[in-house]
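**Student:** Pasting input.csv here (CSV, C-alpha atoms):
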```csv
chain,number,residue,atom,x,y,z
H,24,MET,CA,5.2,-8.6,7.2
H,25,ILE,CA,2.1,-6.7,8.4
H,26,ARG,CA,0.1,-8.1,11.3
H,27,LEU,CA,-1.8,-7.2,14.4
H,28,ALA,CA,0.5,-6.0,17.2
H,29,LYS,CA,1.4,-8.4,20.0
H,30,PRO,CA,2.6,-7.6,23.5
H,31,TRP,CA,6.2,-8.3,22.5
H,32,ASP,CA,5.9,-5.4,20.0
H,33,ILE,CA,5.4,-2.8,22.6
H,34,LYS,CA,9.0,-1.9,23.1
H,35,GLY,CA,9.4,-1.3,19.3
H,36,ILE,CA,6.1,0.7,19.2
H,37,LEU,CA,7.4,2.9,22.1
H,38,ARG,CA,10.6,3.5,20.1
H,39,LEU,CA,8.7,4.8,17.1
H,40,LEU,CA,6.3,6.8,19.3
H,41,ALA,CA,9.4,8.6,20.6
H,42,GLN,CA,10.5,9.4,17.0
H,43,ILE,CA,7.1,10.9,16.3
H,44,ALA,CA,7.2,12.9,19.6
H,45,ASP,CA,10.6,14.3,18.7
H,46,LEU,CA,9.3,15.4,15.3
H,47,HIS,CA,6.4,17.2,16.9
H,48,ARG,CA,8.6,18.8,19.6
H,49,GLN,CA,11.1,20.1,17.0
H,50,ASN,CA,8.4,21.6,14.8
H,51,ARG,CA,5.9,22.9,17.4
H,52,PRO,CA,7.8,23.5,20.6
H,53,ASP,CA,5.0,26.1,21.4
H,54,ILE,CA,2.5,23.2,21.7
H,55,PHE,CA,4.5,20.0,22.6
H,56,LYS,CA,6.2,19.6,26.0
H,57,GLU,CA,9.9,18.7,26.0
H,58,THR,CA,9.2,15.4,27.8
H,59,GLY,CA,6.3,13.0,28.1
H,60,GLU,CA,4.9,10.2,25.9
H,61,LYS,CA,1.7,9.7,24.1
H,62,TYR,CA,1.1,6.2,25.5
H,63,THR,CA,2.8,4.3,28.3
H,64,GLN,CA,3.6,0.6,28.2
H,65,SER,CA,0.6,-0.1,30.4
H,66,GLU,CA,-1.7,1.9,28.2
H,67,LEU,CA,-0.4,0.0,25.1
H,68,GLU,CA,-1.0,-3.3,26.9
H,69,GLN,CA,-4.6,-2.3,27.5
H,70,MET,CA,-5.0,-1.0,23.9
H,71,LEU,CA,-3.8,-4.4,22.5
H,72,ALA,CA,-6.7,-6.1,24.2
H,73,ASP,CA,-9.3,-3.9,22.5
H,74,GLU,CA,-10.4,-5.7,19.3
H,75,THR,CA,-12.4,-2.6,18.1
H,76,ALA,CA,-9.2,-0.5,18.0
H,77,PRO,CA,-6.6,-2.6,16.2
H,78,ILE,CA,-2.9,-1.7,16.1
H,79,PHE,CA,-1.2,-3.0,13.0
H,80,VAL,CA,2.6,-3.3,12.8
H,81,ALA,CA,5.1,-3.8,10.0
H,82,VAL,CA,7.9,-6.1,11.1
H,83,ASN,CA,11.0,-7.5,9.5
H,84,ASN,CA,12.1,-11.1,9.7
H,85,GLN,CA,13.5,-10.6,13.2
H,86,ASN,CA,10.2,-9.2,14.4
H,87,LYS,CA,11.6,-5.7,14.7
H,88,VAL,CA,8.8,-3.1,14.5
H,89,LEU,CA,9.4,-0.9,11.4
H,90,GLY,CA,6.1,0.8,11.5
H,91,TYR,CA,2.6,0.9,13.1
H,92,CYS,CA,-0.9,2.2,12.6
H,93,PHE,CA,-3.3,2.8,15.5
H,94,CYS,CA,-6.9,2.5,14.4
H,95,ASN,CA,-10.4,2.9,15.9
H,96,THR,CA,-13.9,2.8,14.5
H,97,ARG,CA,-16.3,5.6,14.9
H,98,LYS,CA,-20.0,6.1,14.0
H,99,THR,CA,-21.4,9.5,13.3
H,100,ASP,CA,-23.6,10.7,16.2
H,101,HIS,CA,-24.8,14.1,15.2
H,102,PRO,CA,-28.3,15.2,14.1
H,103,MET,CA,-27.0,17.2,11.1
H,104,LEU,CA,-24.6,14.6,9.7
H,105,LYS,CA,-25.4,11.5,7.7
H,106,GLU,CA,-24.7,8.3,9.5
H,107,THR,CA,-21.4,6.8,8.6
H,108,LYS,CA,-19.0,4.2,9.9
H,109,ARG,CA,-15.5,5.5,9.8
H,110,LEU,CA,-12.1,4.2,10.6
H,111,HIS,CA,-10.0,6.8,12.3
H,112,ILE,CA,-6.2,6.5,12.1
H,113,ASP,CA,-5.0,7.8,15.4
H,114,ASP,CA,-1.3,7.4,14.7
H,115,PHE,CA,0.7,6.2,11.8
H,116,CYS,CA,4.5,5.9,11.7
H,117,VAL,CA,7.3,4.3,9.7
H,118,ASP,CA,10.7,4.3,11.3
H,119,THR,CA,12.6,7.2,9.9
H,120,ALA,CA,15.5,4.9,8.7
H,121,MET,CA,13.0,2.8,6.7
H,122,GLN,CA,10.9,5.5,5.1
H,123,GLY,CA,10.6,5.5,1.3
H,124,LYS,CA,10.9,1.7,1.1
H,125,GLY,CA,7.2,0.9,0.6
H,126,ILE,CA,6.5,-0.1,4.2
H,127,GLY,CA,3.9,2.6,4.7
H,128,LYS,CA,2.0,1.6,1.6
H,129,LYS,CA,1.9,-2.0,2.7
H,130,LEU,CA,0.8,-1.0,6.2
H,131,PHE,CA,-2.0,1.2,4.8
H,132,ALA,CA,-3.0,-1.7,2.4
H,133,ARG,CA,-3.6,-3.9,5.5
H,134,VAL,CA,-5.6,-1.1,7.2
H,135,LEU,CA,-7.7,-0.7,4.1
H,136,GLU,CA,-8.3,-4.5,4.0
H,137,PHE,CA,-9.4,-4.4,7.6
H,138,ALA,CA,-11.7,-1.4,6.9
H,139,GLN,CA,-13.4,-3.2,4.0
H,140,THR,CA,-14.1,-6.3,6.1
H,141,GLN,CA,-15.7,-4.0,8.7
H,142,GLN,CA,-18.0,-2.3,6.2
H,143,ILE,CA,-16.2,1.0,6.9
H,144,THR,CA,-17.4,3.8,4.6
H,145,GLN,CA,-14.6,6.3,5.2
H,146,ILE,CA,-11.0,6.4,6.6
H,147,GLU,CA,-10.0,9.6,8.3
H,148,LEU,CA,-6.9,11.0,10.0
H,149,ASN,CA,-5.3,14.2,11.3
H,150,VAL,CA,-1.9,15.4,10.2
H,151,TRP,CA,0.0,18.5,11.4
H,152,ALA,CA,0.6,21.1,8.7
H,153,PHE,CA,4.4,21.1,9.2
H,154,ASN,CA,4.6,17.4,8.3
H,155,GLU,CA,4.8,17.9,4.6
H,156,ASN,CA,6.2,14.5,4.0
H,157,ALA,CA,3.3,12.8,5.7
H,158,ILE,CA,0.8,15.0,3.8
H,159,LYS,CA,2.3,14.0,0.5
H,160,PHE,CA,2.3,10.3,1.6
H,161,TYR,CA,-1.4,10.5,2.5
H,162,GLU,CA,-2.3,12.4,-0.7
H,163,ASN,CA,-0.6,9.6,-2.7
H,164,LEU,CA,-2.8,7.1,-0.9
H,165,GLY,CA,-5.9,9.1,-2.0
H,166,PHE,CA,-6.6,11.2,1.0
H,167,ALA,CA,-7.8,14.8,0.6
H,168,ALA,CA,-8.4,17.6,3.1
H,169,GLN,CA,-11.9,17.5,4.6
H,170,ARG,CA,-11.5,20.6,6.7
H,171,VAL,CA,-8.8,22.9,7.9
H,172,LYS,CA,-8.1,23.8,11.5
H,173,MET,CA,-6.6,27.2,11.8
H,174,GLU,CA,-4.9,29.1,14.7
H,175,ARG,CA,-3.9,32.5,15.6
H,176,ASN,CA,-1.4,33.1,18.3
H,177,LEU,CA,-1.8,36.1,20.6
```
Produce structure tokens that represent the structure in this file.

**Tutor:**
Amino acid sequence: MIRLAKPWDIKGILRLLAQIADLHRQNRPDIFKETGEKYTQSELEQMLADETAPIFVAVNNQNKVLGYCFCNTRKTDHPMLKETKRLHIDDFCVDTAMQGKGIGKKLFARVLEFAQTQQITQIELNVWAFNENAIKFYENLGFAAQRVKMERNL
């Protein structure tokens, strides 16, 4: 089942955030610290109260969190850019043990449904270049690169 996250989902969300943090630490130890978390329990509690930035969760029959998607809406505020209302996916995760079972597609379908009800004109996200599985997943959902951020280490 896909639904809006509730306070009792925070423990499961934190568990999946730790999986994502480990993936990033393993692949880019030059950028990511060995410890630390993206969000604390307190921050997640505050985020759940923000109706403009929904967090959707995929849960099983026992309400175990199998995946999540953090969203927020943005409007273009730049003199050169056409005005748009976008949905930004801040974080998207499916438990590593559950990947490849259609959970991510169902989760994204719910996000897409939400975006359509909000008259969103574009959905955007960022993905690290090392995360080839995620890139393929997003491409299969119809995403395409908009721009490329490049780096040069010194």

**Student:** Looking at H:Leu67, H:Ala120, H:Leu46, H:Ile146, which one is nearest to Thr96 (chain H), with distances taken over all atoms listed in the file?

**Tutor:**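 Once distances to Thr96 (chain H) are computed over all atoms listed in the file, the minimum belongs to H:Ile146.
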
**Student:** Any idea what's packed within 10 Å of Asn83 (chain H), counting only C-alpha atoms, ignoring anything in its chain fewer than 5 positions away? Could you give it as a PyMOL selection string?

**Tutor:** chain H and resi 24-25+88-90

**Student:** Counting all atoms listed in the file, what is within 7 Å of Leu110 (chain H), bar same-chain residues fewer than 5 positions away, as a list in words?

**Tutor:**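 Using all atoms listed in the file, the neighbours found are Cys94, Asn95, Thr96, Arg97, Ala138, Ile143, Gln145, Ile146 and Glu147 of chain H.
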
**Student:** What residues have an atom no more than 12 Å from (6.2, -2.5, 22.1) in the file's own frame, counting only C-alpha atoms, and can you write them as an mmCIF file with C-alpha atoms, in the coordinates of the input?

**Tutor:**
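Okay, part-v9.cif is ready:
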```cif
data_model
loop_
_atom_site.group_PDB
_atom_site.id
_atom_site.type_symbol
_atom_site.label_atom_id
_atom_site.label_comp_id
_atom_site.auth_asym_id
_atom_site.auth_seq_id
_atom_site.Cartn_x
_atom_site.Cartn_y
_atom_site.Cartn_z
ATOM 1 C CA ALA H 28 0.500 -6.000 17.200
ATOM 2 C CA LYS H 29 1.400 -8.400 20.000
ATOM 3 C CA PRO H 30 2.600 -7.600 23.500
ATOM 4 C CA TRP H 31 6.200 -8.300 22.500
ATOM 5 C CA ASP H 32 5.900 -5.400 20.000
ATOM 6 C CA ILE H 33 5.400 -2.800 22.600
ATOM 7 C CA LYS H 34 9.000 -1.900 23.100
ATOM 8 C CA GLY H 35 9.400 -1.300 19.300
ATOM 9 C CA ILE H 36 6.100 0.700 19.200
ATOM 10 C CA LEU H 37 7.400 2.900 22.100
ATOM 11 C CA ARG H 38 10.600 3.500 20.100
ATOM 12 C CA LEU H 39 8.700 4.800 17.100
ATOM 13 C CA LEU H 40 6.300 6.800 19.300
ATOM 14 C CA ALA H 41 9.400 8.600 20.600
ATOM 15 C CA TYR H 62 1.100 6.200 25.500
ATOM 16 C CA THR H 63 2.800 4.300 28.300
ATOM 17 C CA GLN H 64 3.600 0.600 28.200
ATOM 18 C CA SER H 65 0.600 -0.100 30.400
ATOM 19 C CA GLU H 66 -1.700 1.900 28.200
ATOM 20 C CA LEU H 67 -0.400 0.000 25.100
ATOM 21 C CA GLU H 68 -1.000 -3.300 26.900
ATOM 22 C CA MET H 70 -5.000 -1.000 23.900
ATOM 23 C CA LEU H 71 -3.800 -4.400 22.500
ATOM 24 C CA ILE H 78 -2.900 -1.700 16.100
ATOM 25 C CA PHE H 79 -1.200 -3.000 13.000
ATOM 26 C CA VAL H 80 2.600 -3.300 12.800
ATOM 27 C CA VAL H 82 7.900 -6.100 11.100
ATOM 28 C CA ASN H 86 10.200 -9.200 14.400
ATOM 29 C CA LYS H 87 11.600 -5.700 14.700
ATOM 30 C CA VAL H 88 8.800 -3.100 14.500
ATOM 31 C CA LEU H 89 9.400 -0.900 11.400
ATOM 32 C CA GLY H 90 6.100 0.800 11.500
ATOM 33 C CA TYR H 91 2.600 0.900 13.100
#
```

**Student:** One decimal, in Å: what's the spacing between CA of Gln122 (chain H) and CA of Ala168 (chain H)?

**Tutor:** 22.9 Å

**Student:** Between H:Leu164, H:Met103, H:Ile43, H:Leu27, which residue has the minimum interatomic distance to Thr119 (chain H), considering all atoms listed in the file?

**Tutor:**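 Residue with the minimum atom-to-atom distance to Thr119 (chain H): H:Ile43.
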
**Student:** Please indicate the distance in Å from CA of Leu148 (chain H) to CA of Asp113 (chain H), rounded to one decimal place.

**Tutor:**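 That distance, rounded to one decimal, is 6.6 Å.
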
**Student:** As an exercise, work out the distance from CA of Trp151 (chain H) to CA of Ala72 (chain H) in Å and give it to one decimal place.

**Tutor:**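 A separation of 28.5 Å between them.
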